[in-house]
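Note: the block below is protein-v8.csv and it holds CSV, C-alpha atoms and all ligand atoms.
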chain,number,residue,atom,x,y,z
O,25,MET,CA,1.7,-50.1,49.2
O,26,ALA,CA,0.2,-48.5,46.1
O,27,GLU,CA,-3.1,-50.3,46.8
O,28,ARG,CA,-3.4,-48.7,50.2
O,29,VAL,CA,-2.8,-45.3,48.9
O,30,TYR,CA,-5.5,-45.7,46.2
O,31,GLU,CA,-7.8,-47.3,48.8
O,32,THR,CA,-7.5,-44.1,51.0
O,33,LEU,CA,-8.3,-42.0,48.0
O,34,HIS,CA,-11.4,-44.0,47.3
O,35,GLN,CA,-12.5,-43.8,50.9
O,36,LEU,CA,-11.9,-40.0,50.8
O,37,GLU,CA,-14.3,-39.7,47.8
O,38,THR,CA,-17.0,-41.8,49.3
O,39,GLU,CA,-16.9,-39.9,52.6
O,40,ALA,CA,-16.9,-36.5,50.8
O,41,LEU,CA,-19.9,-37.4,48.6
O,42,GLN,CA,-21.9,-38.8,51.5
O,43,GLU,CA,-21.3,-35.7,53.5
O,44,LEU,CA,-22.2,-33.5,50.5
O,45,ASP,CA,-25.5,-35.4,50.0
O,46,ALA,CA,-26.6,-34.5,53.6
O,47,ILE,CA,-26.0,-30.8,53.2
O,48,THR,CA,-29.1,-28.5,53.1
O,49,ASP,CA,-27.7,-25.0,53.5
O,50,GLU,CA,-25.1,-22.8,51.9
O,51,LYS,CA,-23.0,-22.2,55.0
O,52,THR,CA,-22.4,-25.9,55.6
O,53,LEU,CA,-21.7,-26.3,51.9
O,54,ASP,CA,-19.0,-23.7,52.0
O,55,GLU,CA,-17.4,-25.5,55.1
O,56,TRP,CA,-17.4,-28.7,53.1
O,57,ARG,CA,-15.7,-26.9,50.2
O,58,VAL,CA,-12.9,-25.7,52.5
O,59,ARG,CA,-12.6,-29.1,54.2
O,60,TYR,CA,-12.1,-31.0,50.9
O,61,LEU,CA,-11.0,-28.6,48.2
O,62,GLY,CA,-9.5,-25.7,50.2
O,63,ARG,CA,-5.7,-25.1,50.2
O,64,LYS,CA,-5.3,-27.4,53.1
O,65,GLY,CA,-8.3,-29.5,52.2
O,66,LYS,CA,-8.2,-33.3,52.3
O,67,ALA,CA,-8.3,-33.8,48.5
O,68,THR,CA,-5.7,-31.1,48.0
O,69,LEU,CA,-3.4,-32.7,50.6
O,70,ALA,CA,-3.9,-36.2,49.2
O,71,VAL,CA,-1.3,-35.5,46.6
O,72,ARG,CA,1.4,-35.5,49.3
O,73,ARG,CA,1.1,-39.3,49.5
O,74,LEU,CA,2.9,-39.3,46.2
O,75,LYS,CA,6.1,-39.8,48.2
O,76,GLU,CA,5.0,-43.2,49.4
O,77,LEU,CA,4.9,-44.5,45.8
O,78,PRO,CA,7.8,-45.6,43.6
O,79,PRO,CA,8.7,-42.9,41.1
O,80,GLU,CA,7.2,-44.7,38.1
O,81,GLU,CA,3.8,-44.9,39.7
O,82,ARG,CA,3.7,-41.2,40.8
O,83,PRO,CA,2.3,-39.7,37.6
O,84,ALA,CA,-0.6,-42.0,37.6
O,85,TYR,CA,-1.4,-41.2,41.2
O,86,GLY,CA,-1.1,-37.5,40.5
O,87,LYS,CA,-3.7,-37.8,37.7
O,88,ALA,CA,-6.0,-39.8,40.0
O,89,VAL,CA,-5.9,-37.1,42.6
O,90,ASN,CA,-6.7,-34.4,40.0
O,91,ALA,CA,-9.5,-36.4,38.6
O,92,LEU,CA,-10.9,-36.9,42.1
O,93,LYS,CA,-10.7,-33.1,42.8
O,94,GLU,CA,-12.6,-32.4,39.5
O,95,ARG,CA,-15.3,-34.9,40.4
O,96,LEU,CA,-15.7,-33.3,43.8
O,97,LEU,CA,-15.8,-29.8,42.3
O,98,ALA,CA,-18.5,-30.9,39.8
O,99,ALA,CA,-20.5,-32.4,42.7
O,100,LEU,CA,-20.1,-29.1,44.6
O,101,GLU,CA,-21.4,-27.0,41.7
O,102,ALA,CA,-24.4,-29.3,41.2
O,103,LYS,CA,-25.2,-29.0,44.9
O,104,GLN,CA,-24.9,-25.2,44.7
O,105,GLU,CA,-27.4,-25.1,41.9
O,106,ALA,CA,-29.8,-27.5,43.7
O,107,LEU,CA,-29.7,-25.3,46.8
O,108,LYS,CA,-30.5,-22.2,44.8
O,109,ALA,CA,-33.4,-23.9,43.0
O,110,GLN,CA,-34.8,-25.0,46.4
O,111,ALA,CA,-34.5,-21.5,47.8
O,112,LEU,CA,-36.4,-20.0,44.8
O,113,ALA,CA,-39.1,-22.6,45.0
O,114,ALA,CA,-39.6,-21.8,48.7
O,115,GLU,CA,-39.7,-18.0,48.0
O,116,LEU,CA,-42.3,-18.4,45.3
O,117,GLN,CA,-44.5,-20.5,47.6
O,118,VAL,CA,-44.4,-17.7,50.2
O,119,GLU,CA,-44.9,-14.8,47.8
O,120,ALA,CA,-47.4,-16.5,45.5
O,121,PHE,CA,-46.2,-14.7,42.4
O,122,ASP,CA,-48.7,-14.8,39.6
O,123,PRO,CA,-47.1,-14.2,36.2
O,124,THR,CA,-50.4,-13.9,34.5
O,125,LEU,CA,-51.3,-10.6,36.3
O,126,PRO,CA,-51.5,-7.6,33.8
O,127,GLY,CA,-48.6,-5.1,34.0
O,128,ARG,CA,-49.0,-1.7,35.6
O,129,GLN,CA,-50.1,1.0,33.1
O,130,PRO,CA,-47.9,4.0,33.1
O,131,SER,CA,-50.0,7.1,33.6
O,132,LEU,CA,-50.1,9.6,30.7
O,133,GLY,CA,-49.8,13.4,31.2
O,134,ARG,CA,-52.3,15.7,29.5
O,135,TYR,CA,-52.8,19.4,28.9
O,136,HIS,CA,-54.0,21.6,31.7
O,137,PRO,CA,-57.3,23.3,30.9
O,138,SER,CA,-55.7,26.7,30.8
O,139,ASN,CA,-53.2,25.4,28.3
O,140,LEU,CA,-56.0,23.9,26.2
O,141,VAL,CA,-57.7,27.2,25.9
O,142,LEU,CA,-54.4,29.1,25.4
O,143,ARG,CA,-53.6,26.8,22.5
O,144,GLU,CA,-57.0,27.5,20.9
O,145,ILE,CA,-56.6,31.2,21.3
O,146,ILE,CA,-53.1,31.2,19.8
O,147,ASP,CA,-54.2,29.1,16.8
O,148,ILE,CA,-57.0,31.5,16.0
O,149,PHE,CA,-54.8,34.6,16.2
O,150,ARG,CA,-52.0,32.9,14.3
O,151,GLN,CA,-54.5,32.4,11.4
O,152,MET,CA,-55.1,36.2,11.5
O,153,GLY,CA,-51.4,36.9,11.1
O,154,PHE,CA,-50.5,37.5,14.8
O,155,GLN,CA,-47.2,36.2,16.0
O,156,VAL,CA,-46.6,35.0,19.6
O,157,LEU,CA,-44.2,36.8,21.9
O,158,PHE,CA,-43.4,36.3,25.6
O,159,SER,CA,-42.4,39.1,28.0
O,160,PRO,CA,-41.2,38.8,31.7
O,161,GLU,CA,-43.4,37.9,34.6
O,162,VAL,CA,-41.1,39.8,37.0
O,163,GLU,CA,-41.3,43.4,35.9
O,164,THR,CA,-40.3,46.9,36.9
O,165,ASP,CA,-42.8,49.3,38.3
O,166,ASP,CA,-42.1,51.4,35.2
O,167,TYR,CA,-43.1,48.7,32.7
O,168,ASN,CA,-46.1,47.5,34.7
O,169,PHE,CA,-47.4,51.0,35.4
O,170,GLY,CA,-45.4,54.1,34.5
O,171,LEU,CA,-44.8,53.4,30.8
O,172,LEU,CA,-48.5,52.4,30.5
O,173,ASN,CA,-49.5,55.9,31.5
O,174,ILE,CA,-50.2,55.0,35.1
O,175,PRO,CA,-47.9,57.3,37.1
O,176,PRO,CA,-47.2,56.8,40.9
O,177,GLY,CA,-50.3,57.8,42.8
O,178,HIS,CA,-52.7,57.1,40.0
O,179,PRO,CA,-55.9,55.5,41.3
O,180,ALA,CA,-55.7,52.6,38.7
O,181,ARG,CA,-52.8,51.2,40.8
O,182,ASP,CA,-55.2,50.3,43.6
O,183,MET,CA,-57.2,48.0,41.3
O,184,TRP,CA,-54.0,46.3,40.0
O,185,ASP,CA,-52.1,45.8,43.3
O,186,THR,CA,-49.5,43.2,43.2
O,187,PHE,CA,-46.6,41.3,45.1
O,188,TYR,CA,-43.4,43.3,45.4
O,189,THR,CA,-39.9,41.9,45.7
O,190,THR,CA,-37.3,43.1,48.1
O,191,ARG,CA,-35.7,44.9,45.3
O,192,GLU,CA,-36.9,48.5,45.0
O,193,GLY,CA,-39.3,48.9,42.0
O,194,VAL,CA,-39.3,45.2,41.1
O,195,LEU,CA,-42.7,43.4,41.2
O,196,LEU,CA,-44.8,40.5,39.7
O,197,ARG,CA,-46.7,41.9,36.8
O,198,THR,CA,-50.4,42.4,37.3
O,199,HIS,CA,-51.3,42.1,33.6
O,200,THR,CA,-49.6,41.2,30.3
O,201,SER,CA,-49.9,44.9,29.1
O,202,PRO,CA,-46.2,45.6,29.9
O,203,GLY,CA,-45.6,43.2,27.0
O,204,GLN,CA,-46.9,46.0,24.7
O,205,ILE,CA,-43.9,48.1,25.6
O,206,TRP,CA,-41.5,45.2,25.1
O,207,ALA,CA,-43.0,44.4,21.7
O,208,MET,CA,-43.0,48.1,20.5
O,209,ARG,CA,-39.4,48.6,21.6
O,210,GLN,CA,-38.4,45.5,19.8
O,211,PHE,CA,-40.2,46.3,16.5
O,212,ALA,CA,-40.4,50.1,16.2
O,213,PRO,CA,-40.8,51.7,13.7
O,214,GLU,CA,-42.1,48.6,11.9
O,215,PRO,CA,-45.8,47.6,12.1
O,216,ILE,CA,-46.7,45.0,14.7
O,217,ARG,CA,-49.3,42.2,15.1
O,218,VAL,CA,-48.6,40.2,18.2
O,219,ILE,CA,-50.2,38.3,21.0
O,220,LEU,CA,-48.5,37.9,24.4
O,221,PRO,CA,-49.7,35.0,26.6
O,222,GLY,CA,-48.5,34.5,30.1
O,223,LYS,CA,-49.1,34.5,33.9
O,224,CYS,CA,-50.1,37.5,35.9
O,225,TYR,CA,-50.3,38.1,39.7
O,226,ARG,CA,-52.6,40.2,41.8
O,227,TYR,CA,-52.8,40.9,45.5
O,228,GLU,CA,-56.5,40.5,45.8
O,229,GLN,CA,-59.2,38.4,47.5
O,230,VAL,CA,-59.4,34.9,46.0
O,231,THR,CA,-63.0,34.1,45.0
O,232,ALA,CA,-64.8,31.7,42.7
O,233,ARG,CA,-64.0,34.1,39.8
O,234,SER,CA,-60.6,35.6,40.9
O,235,GLU,CA,-57.3,34.0,41.6
O,236,MET,CA,-54.0,35.5,42.8
O,237,MET,CA,-52.3,33.9,39.8
O,238,PHE,CA,-53.9,33.5,36.4
O,239,HIS,CA,-53.2,33.9,32.7
O,240,GLN,CA,-53.8,36.7,30.3
O,241,VAL,CA,-53.4,37.0,26.6
O,242,GLU,CA,-52.5,40.5,25.4
O,243,GLY,CA,-53.0,41.5,21.8
O,244,LEU,CA,-51.4,44.4,20.0
O,245,ALA,CA,-51.5,45.8,16.5
O,246,VAL,CA,-49.6,49.0,15.6
O,247,GLY,CA,-49.3,50.5,12.1
O,248,LYS,CA,-50.6,53.1,9.7
O,249,HIS,CA,-54.3,53.7,9.4
O,250,ILE,CA,-55.4,51.1,12.1
O,251,THR,CA,-58.8,52.1,13.4
O,252,PHE,CA,-61.3,51.0,15.9
O,253,ALA,CA,-63.1,49.1,13.1
O,254,ASP,CA,-60.0,46.8,12.9
O,255,LEU,CA,-60.2,46.1,16.6
O,256,LYS,CA,-63.9,45.3,16.3
O,257,GLY,CA,-63.4,43.0,13.3
O,258,THR,CA,-60.5,41.2,14.9
O,259,VAL,CA,-62.4,40.6,18.2
O,260,VAL,CA,-65.6,39.6,16.6
O,261,ASN,CA,-63.8,37.1,14.3
O,262,PHE,CA,-61.9,35.7,17.3
O,263,ILE,CA,-65.0,35.2,19.5
O,264,ARG,CA,-67.1,33.7,16.7
O,265,GLN,CA,-64.3,31.2,15.9
O,266,LEU,CA,-63.9,30.3,19.6
O,267,PHE,CA,-67.6,30.2,20.7
O,268,GLY,CA,-69.5,29.8,17.4
O,269,PRO,CA,-70.7,32.0,14.5
O,270,GLU,CA,-74.0,32.8,16.2
O,271,ARG,CA,-72.4,34.8,19.1
O,272,GLN,CA,-73.4,38.5,19.5
O,273,LEU,CA,-70.9,41.0,20.9
O,274,ARG,CA,-71.3,44.3,22.7
O,275,PHE,CA,-68.6,47.0,23.0
O,276,ARG,CA,-69.2,48.9,26.2
O,277,CYS,CA,-67.5,52.2,27.1
O,278,SER,CA,-64.8,51.8,29.8
O,279,HIS,CA,-61.5,53.3,31.0
O,280,PHE,CA,-57.9,52.0,30.9
O,281,PRO,CA,-55.1,54.6,31.3
O,282,PHE,CA,-53.2,52.9,28.4
O,283,THR,CA,-56.0,53.0,25.8
O,284,GLU,CA,-58.2,55.8,24.4
O,285,PRO,CA,-61.0,55.2,23.7
O,286,SER,CA,-61.3,52.1,26.0
O,287,VAL,CA,-64.0,49.3,26.0
O,288,GLU,CA,-65.0,46.2,27.7
O,289,VAL,CA,-66.2,43.5,25.3
O,290,ASP,CA,-69.2,41.4,26.3
O,291,MET,CA,-70.5,38.3,24.5
O,292,ASP,CA,-74.2,37.1,24.8
O,293,CYS,CA,-74.3,34.4,27.5
O,294,ILE,CA,-73.7,31.0,25.9
O,295,LEU,CA,-75.7,29.2,28.7
O,296,CYS,CA,-79.0,31.1,28.5
O,297,GLN,CA,-78.6,32.6,25.0
O,298,GLY,CA,-78.9,36.1,26.4
O,299,LYS,CA,-82.1,35.5,28.4
O,300,GLY,CA,-80.4,35.8,31.8
O,301,CYS,CA,-79.1,33.2,34.2
O,302,ARG,CA,-77.0,32.7,37.3
O,303,VAL,CA,-73.7,32.6,35.3
O,304,CYS,CA,-74.3,36.0,33.5
O,305,LYS,CA,-75.8,37.4,36.7
O,306,TYR,CA,-79.2,37.8,34.9
O,307,THR,CA,-77.8,40.4,32.5
O,308,GLY,CA,-77.6,38.1,29.4
O,309,TRP,CA,-74.0,39.2,28.8
O,310,LEU,CA,-70.6,37.8,29.8
O,311,GLU,CA,-67.5,40.0,30.0
O,312,ILE,CA,-64.7,38.6,27.7
O,313,MET,CA,-61.9,41.2,27.5
O,314,GLY,CA,-60.7,44.8,28.0
O,315,ALA,CA,-59.6,46.6,24.9
O,316,GLY,CA,-59.1,50.0,23.2
O,317,MET,CA,-56.9,52.1,20.9
O,318,VAL,CA,-53.4,52.4,22.1
O,319,HIS,CA,-52.9,55.7,24.0
O,320,PRO,CA,-50.6,58.2,22.2
O,321,VAL,CA,-48.4,58.4,25.4
O,322,VAL,CA,-47.9,54.6,25.3
O,323,LEU,CA,-47.1,54.6,21.6
O,324,ARG,CA,-44.5,57.3,22.2
O,325,ASN,CA,-43.0,55.3,25.2
O,326,GLY,CA,-42.8,52.3,22.8
O,327,GLY,CA,-40.8,54.3,20.3
O,328,TYR,CA,-43.5,55.2,17.8
O,329,ASP,CA,-44.7,58.6,16.6
O,330,PRO,CA,-48.4,58.8,17.4
O,331,GLU,CA,-48.8,61.3,14.5
O,332,GLU,CA,-47.7,58.6,12.1
O,333,VAL,CA,-49.2,55.4,13.5
O,334,THR,CA,-52.1,54.1,15.5
O,335,GLY,CA,-52.8,50.8,17.2
O,336,PHE,CA,-55.3,48.7,19.1
O,337,ALA,CA,-54.7,46.4,22.1
O,338,PHE,CA,-56.8,44.0,24.1
O,339,GLY,CA,-56.3,41.7,27.2
O,340,MET,CA,-58.3,38.7,28.2
O,341,GLY,CA,-58.2,35.9,30.8
O,342,PRO,CA,-58.1,32.4,29.4
O,343,GLU,CA,-59.3,30.8,32.7
O,344,ARG,CA,-62.5,32.8,32.6
O,345,ILE,CA,-62.9,31.6,29.0
O,346,ALA,CA,-62.2,28.0,30.0
O,347,MET,CA,-64.8,28.3,32.7
O,348,LEU,CA,-67.4,29.2,30.1
O,349,ARG,CA,-66.2,26.6,27.7
O,350,TYR,CA,-66.1,23.6,30.1
O,351,GLY,CA,-68.8,24.7,32.6
O,352,ILE,CA,-66.4,25.2,35.5
O,353,ASP,CA,-68.0,27.2,38.3
O,354,ASP,CA,-64.9,27.9,40.4
O,355,ILE,CA,-61.6,29.3,39.2
O,356,ARG,CA,-59.8,27.9,42.3
O,357,TYR,CA,-59.9,24.4,40.8
O,358,PHE,CA,-57.3,25.4,38.1
O,359,PHE,CA,-54.3,25.7,40.4
O,360,SER,CA,-55.2,23.6,43.4
O,361,ASN,CA,-53.6,20.5,41.7
O,362,ASP,CA,-56.5,18.1,42.3
O,363,ILE,CA,-55.9,15.3,39.8
O,364,ARG,CA,-59.7,14.4,39.8
O,365,PHE,CA,-60.3,17.8,38.2
O,366,LEU,CA,-57.3,17.9,35.9
O,367,GLN,CA,-57.8,14.5,34.4
O,368,GLN,CA,-61.2,15.5,33.0
O,369,PHE,CA,-59.5,17.6,30.3
O,370,GLY,CA,-57.2,17.1,27.4
W,401,LIG,C1,-56.4,44.4,32.3
W,401,LIG,O1,-55.6,43.7,33.0
W,401,LIG,C2,-55.9,45.2,31.1
W,401,LIG,N1,-54.5,45.1,31.1
W,401,LIG,C3,-56.6,44.6,29.9
W,401,LIG,C4,-56.4,45.5,28.7
W,401,LIG,C5,-55.3,45.2,27.8
W,401,LIG,C6,-57.2,46.6,28.4
W,401,LIG,C7,-55.1,46.0,26.7
W,401,LIG,C8,-57.0,47.4,27.3
W,401,LIG,C9,-56.0,47.1,26.4
W,401,LIG,P1,-58.5,43.6,33.7
W,401,LIG,O2,-57.9,43.9,35.0
W,401,LIG,O3,-59.9,43.8,33.5
W,401,LIG,O4,-57.7,44.4,32.5
W,401,LIG,O5,-58.1,42.1,33.3
W,401,LIG,C10,-58.4,41.5,32.1
W,401,LIG,C11,-58.9,40.1,32.2
W,401,LIG,O6,-58.0,39.3,33.0
W,401,LIG,C12,-60.2,40.0,32.9
W,401,LIG,O7,-61.3,40.2,31.9
W,401,LIG,C13,-60.2,38.6,33.4
W,401,LIG,O8,-60.6,37.7,32.4
W,401,LIG,C14,-58.8,38.4,33.7
W,401,LIG,N2,-58.6,38.6,35.2
W,401,LIG,C15,-58.3,39.7,35.8
W,401,LIG,N3,-58.2,39.5,37.1
W,401,LIG,C16,-58.3,38.2,37.3
W,401,LIG,C17,-58.2,37.3,38.5
W,401,LIG,N4,-57.9,37.8,39.7
W,401,LIG,N5,-58.4,36.0,38.3
W,401,LIG,C18,-58.6,35.5,37.0
W,401,LIG,N6,-58.7,36.3,35.9
W,401,LIG,C19,-58.5,37.6,36.1
Take the structure from the file and write it as structure tokens.
Ligand code: FA5
Amino acid sequence: MAERVYETLHQLETEALQELDAITDEKTLDEWRVRYLGRKGKATLAVRRLKELPPEERPAYGKAVNALKERLLAALEAKQEALKAQALAAELQVEAFDPTLPGRQPSLGRYHPSNLVLREIIDIFRQMGFQVLFSPEVETDDYNFGLLNIPPGHPARDMWDTFYTTREGVLLRTHTSPGQIWAMRQFAPEPIRVILPGKCYRYEQVTARSEMMFHQVEGLAVGKHITFADLKGTVVNFIRQLFGPERQLRFRCSHFPFTEPSVEVDMDCILCQGKGCRVCKYTGWLEIMGAGMVHPVVLRNGGYDPEEVTGFAFGMGPERIAMLRYGIDDIRYFFSNDIRFLQQFG
């Protein structure tokens, strides 16, 4: 009797392992697992035949059934591993993965040409004792015009037309000069030496030299006994540090409502050394900035007494300076986001 029971167990194992051997996919493998090792699987149910044995032989039979189940489980796991390895090998053959290929280089960012020049400008002025301030790009009509001595209807407003918001009297600033008022109101009655870099906006025709959005750097010094000679000394020192000690400068009479007297500062052309070329429009000179002594009305609007203090101010465009420095012939490259242009700098 016992022999027959063991014989059946042995047959069960042989049959199970033969079937397992022939399996080539995971679905059939799972069916096999259910058929032999599931809750109602053949190996699980084999234990029921315990009843056919005399009580003293039952523990041994129980052990034999458990041992069989363990062997079948081990064989199942080995088969699962083998199938996985086969699938991977097949996949590698199809995809032809080459582990010796070099990795992908992450691309590095770099400074925008406007920023490169801005950083140089800031460094030079910092050495001269100027601190850096920032003032808003979205301004009121008053700060952009009125407080700078440009009342409504003043013709200078035409040359500095801008973009207006839907809120009455709120606009995008056309120059960094409103920063003069912000700085004065922050520091009055103390002396000031600041530069104010930032973006400006103008409603005007975009050309090779003019953009709708560009940067400016405003400079402002206010204190006792500041003269036009201080303005000249500061500007000459700045230009010679930026473009070289041999540069010649010219201060040409001009007009800004917020400075009196006002000048345009020109530098001898770095390309033709002042002989005349296409870049300097055959004049030998390049315009670098607008400047002047701060108008008494503006000093008063900033909170100073023009009888007590004087000041100078200037405003320049770093894109125009970058164009000279890097030989860029069209300002529209700066903000058109062409990576071929941008990756040449920094
Ligand atoms: C002004 O904006 C005055 N606020 C400058 C000033 C400040 C004068 C303080 C006196 C005292 P202007 O409009 O000329 O001036 O602009 C100054 C500089 O900004 C120009 O020399 C030029 O470099 C730059 N700029 C002006 N318009 C544009 C534009 N559309 N695109 C690029 N750069 C511009």
Could you list, as a PDB file with C-alpha atoms, in the coordinates of the input, all the residues within 8 Å of ligand LIG 401 (chain W), counting all atoms listed in the file?
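Output saved as result26.pdb:
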ATOM      1  CA  MET O 183     -57.200  48.000  41.300  1.00  0.00           C
ATOM      2  CA  TRP O 184     -54.000  46.300  40.000  1.00  0.00           C
ATOM      3  CA  THR O 198     -50.400  42.400  37.300  1.00  0.00           C
ATOM      4  CA  HIS O 199     -51.300  42.100  33.600  1.00  0.00           C
ATOM      5  CA  THR O 200     -49.600  41.200  30.300  1.00  0.00           C
ATOM      6  CA  SER O 201     -49.900  44.900  29.100  1.00  0.00           C
ATOM      7  CA  TYR O 225     -50.300  38.100  39.700  1.00  0.00           C
ATOM      8  CA  ARG O 226     -52.600  40.200  41.800  1.00  0.00           C
ATOM      9  CA  GLU O 228     -56.500  40.500  45.800  1.00  0.00           C
ATOM     10  CA  GLN O 229     -59.200  38.400  47.500  1.00  0.00           C
ATOM     11  CA  VAL O 230     -59.400  34.900  46.000  1.00  0.00           C
ATOM     12  CA  ARG O 233     -64.000  34.100  39.800  1.00  0.00           C
ATOM     13  CA  SER O 234     -60.600  35.600  40.900  1.00  0.00           C
ATOM     14  CA  GLU O 235     -57.300  34.000  41.600  1.00  0.00           C
ATOM     15  CA  MET O 236     -54.000  35.500  42.800  1.00  0.00           C
ATOM     16  CA  MET O 237     -52.300  33.900  39.800  1.00  0.00           C
ATOM     17  CA  PHE O 238     -53.900  33.500  36.400  1.00  0.00           C
ATOM     18  CA  HIS O 239     -53.200  33.900  32.700  1.00  0.00           C
ATOM     19  CA  GLN O 240     -53.800  36.700  30.300  1.00  0.00           C
ATOM     20  CA  GLU O 242     -52.500  40.500  25.400  1.00  0.00           C
ATOM     21  CA  GLY O 243     -53.000  41.500  21.800  1.00  0.00           C
ATOM     22  CA  LEU O 244     -51.400  44.400  20.000  1.00  0.00           C
ATOM     23  CA  PHE O 280     -57.900  52.000  30.900  1.00  0.00           C
ATOM     24  CA  PHE O 282     -53.200  52.900  28.400  1.00  0.00           C
ATOM     25  CA  THR O 283     -56.000  53.000  25.800  1.00  0.00           C
ATOM     26  CA  SER O 286     -61.300  52.100  26.000  1.00  0.00           C
ATOM     27  CA  VAL O 287     -64.000  49.300  26.000  1.00  0.00           C
ATOM     28  CA  GLU O 288     -65.000  46.200  27.700  1.00  0.00           C
ATOM     29  CA  GLU O 311     -67.500  40.000  30.000  1.00  0.00           C
ATOM     30  CA  ILE O 312     -64.700  38.600  27.700  1.00  0.00           C
ATOM     31  CA  MET O 313     -61.900  41.200  27.500  1.00  0.00           C
ATOM     32  CA  GLY O 314     -60.700  44.800  28.000  1.00  0.00           C
ATOM     33  CA  ALA O 315     -59.600  46.600  24.900  1.00  0.00           C
ATOM     34  CA  GLY O 316     -59.100  50.000  23.200  1.00  0.00           C
ATOM     35  CA  MET O 317     -56.900  52.100  20.900  1.00  0.00           C
ATOM     36  CA  VAL O 318     -53.400  52.400  22.100  1.00  0.00           C
ATOM     37  CA  PHE O 336     -55.300  48.700  19.100  1.00  0.00           C
ATOM     38  CA  ALA O 337     -54.700  46.400  22.100  1.00  0.00           C
ATOM     39  CA  PHE O 338     -56.800  44.000  24.100  1.00  0.00           C
ATOM     40  CA  GLY O 339     -56.300  41.700  27.200  1.00  0.00           C
ATOM     41  CA  MET O 340     -58.300  38.700  28.200  1.00  0.00           C
ATOM     42  CA  GLY O 341     -58.200  35.900  30.800  1.00  0.00           C
ATOM     43  CA  PRO O 342     -58.100  32.400  29.400  1.00  0.00           C
ATOM     44  CA  GLU O 343     -59.300  30.800  32.700  1.00  0.00           C
ATOM     45  CA  ARG O 344     -62.500  32.800  32.600  1.00  0.00           C
ATOM     46  CA  ILE O 345     -62.900  31.600  29.000  1.00  0.00           C
ATOM     47  CA  ILE O 355     -61.600  29.300  39.200  1.00  0.00           C
TER      48      ILE O 355
END
For Val29 in chain O: contacts at 12 Å, only C-alpha atoms, fewer than 2 positions along chain excluded, given as a ChimeraX atom specification: /O:25-27,31-36,70-78,81-82,84-86,88-89
Could you jot down the CA of Phe211 in chain O to CA of Glu163 in chain O separation for me, Å, one decimal place?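 CA of Glu163 in chain O lies 19.6 Å from CA of Phe211 in chain O.
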Can you pull out the residues contacting Phe187 in chain O? Cut-off 7 Å, using all atoms listed in the file, and skip same-chain residues under 2 positions away; I want them as a PyMOL selection string. chain O and resi 189+195-196+226-227
Save out the residues we just selected, C-alpha atoms, as a tab-separated table (two decimals), keeping the file's coordinate frame.
chain	number	residue	atom	x	y	z
O	189	THR	CA	-39.90	41.90	45.70
O	195	LEU	CA	-42.70	43.40	41.20
O	196	LEU	CA	-44.80	40.50	39.70
O	226	ARG	CA	-52.60	40.20	41.80
O	227	TYR	CA	-52.80	40.90	45.50
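The closest residue to Val162 in chain O, picked from O:Gly177, O:Gly127, O:Pro269, O:Gly203 and counting all atoms listed in the file, is O:Gly203.
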Choose the residue, out of O:Gly268, O:Ile205, O:Gln210, O:Asn173, that has the smallest atom-to-atom separation from Glu284 in chain O; count all atoms listed in the file. O:Asn173
Just to confirm, what's the straight-line distance from CA of Asp147 in chain O to CA of Arg349 in chain O in Å (one decimal)? 16.4 Å
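Of the listed residues O:Leu61, O:Leu273, O:Leu112, O:Val241, the one whose atoms come nearest to Val289 in chain O is O:Leu273, with distances taken using only C-alpha atoms.
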Could you check how far CA of Asp353 in chain O sits from CA of Ala232 in chain O, in Å to one decimal?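 Separating CA of Asp353 in chain O from CA of Ala232 in chain O is a distance of 7.1 Å.
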With all atoms listed in the file as the basis for distance, which of O:Trp206, O:Arg143, O:Pro320, O:Thr334 is at the shortest distance from Ile250 in chain O?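 Selected residue with least distance to Ile250 in chain O: O:Thr334.
Shortest separation to Leu366 in chain O among O:Tyr30, O:Tyr60, O:Tyr135, O:Tyr188 occurs at residue O:Tyr135, atoms counted being all atoms listed in the file.
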From (-57.7, 35.4, 15.7), in the file's coordinates, out to 12 Å: which residues are reached, counting all atoms listed in the file? Answer as a ChimeraX atom specification. /O:143-156,217-219,241,243-244,254-266
Find the spatial neighbours of Tyr328 in chain O, counting all atoms listed in the file, within a cut-off of 9 Å - ignore same-chain residues fewer than 5 positions away - and output them as a list in words.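 The neighbour list is Met208, Arg209, Ala212, Pro213, Glu214, Val246, Pro320, Val322, Leu323, Val333 and Thr334 of chain O.
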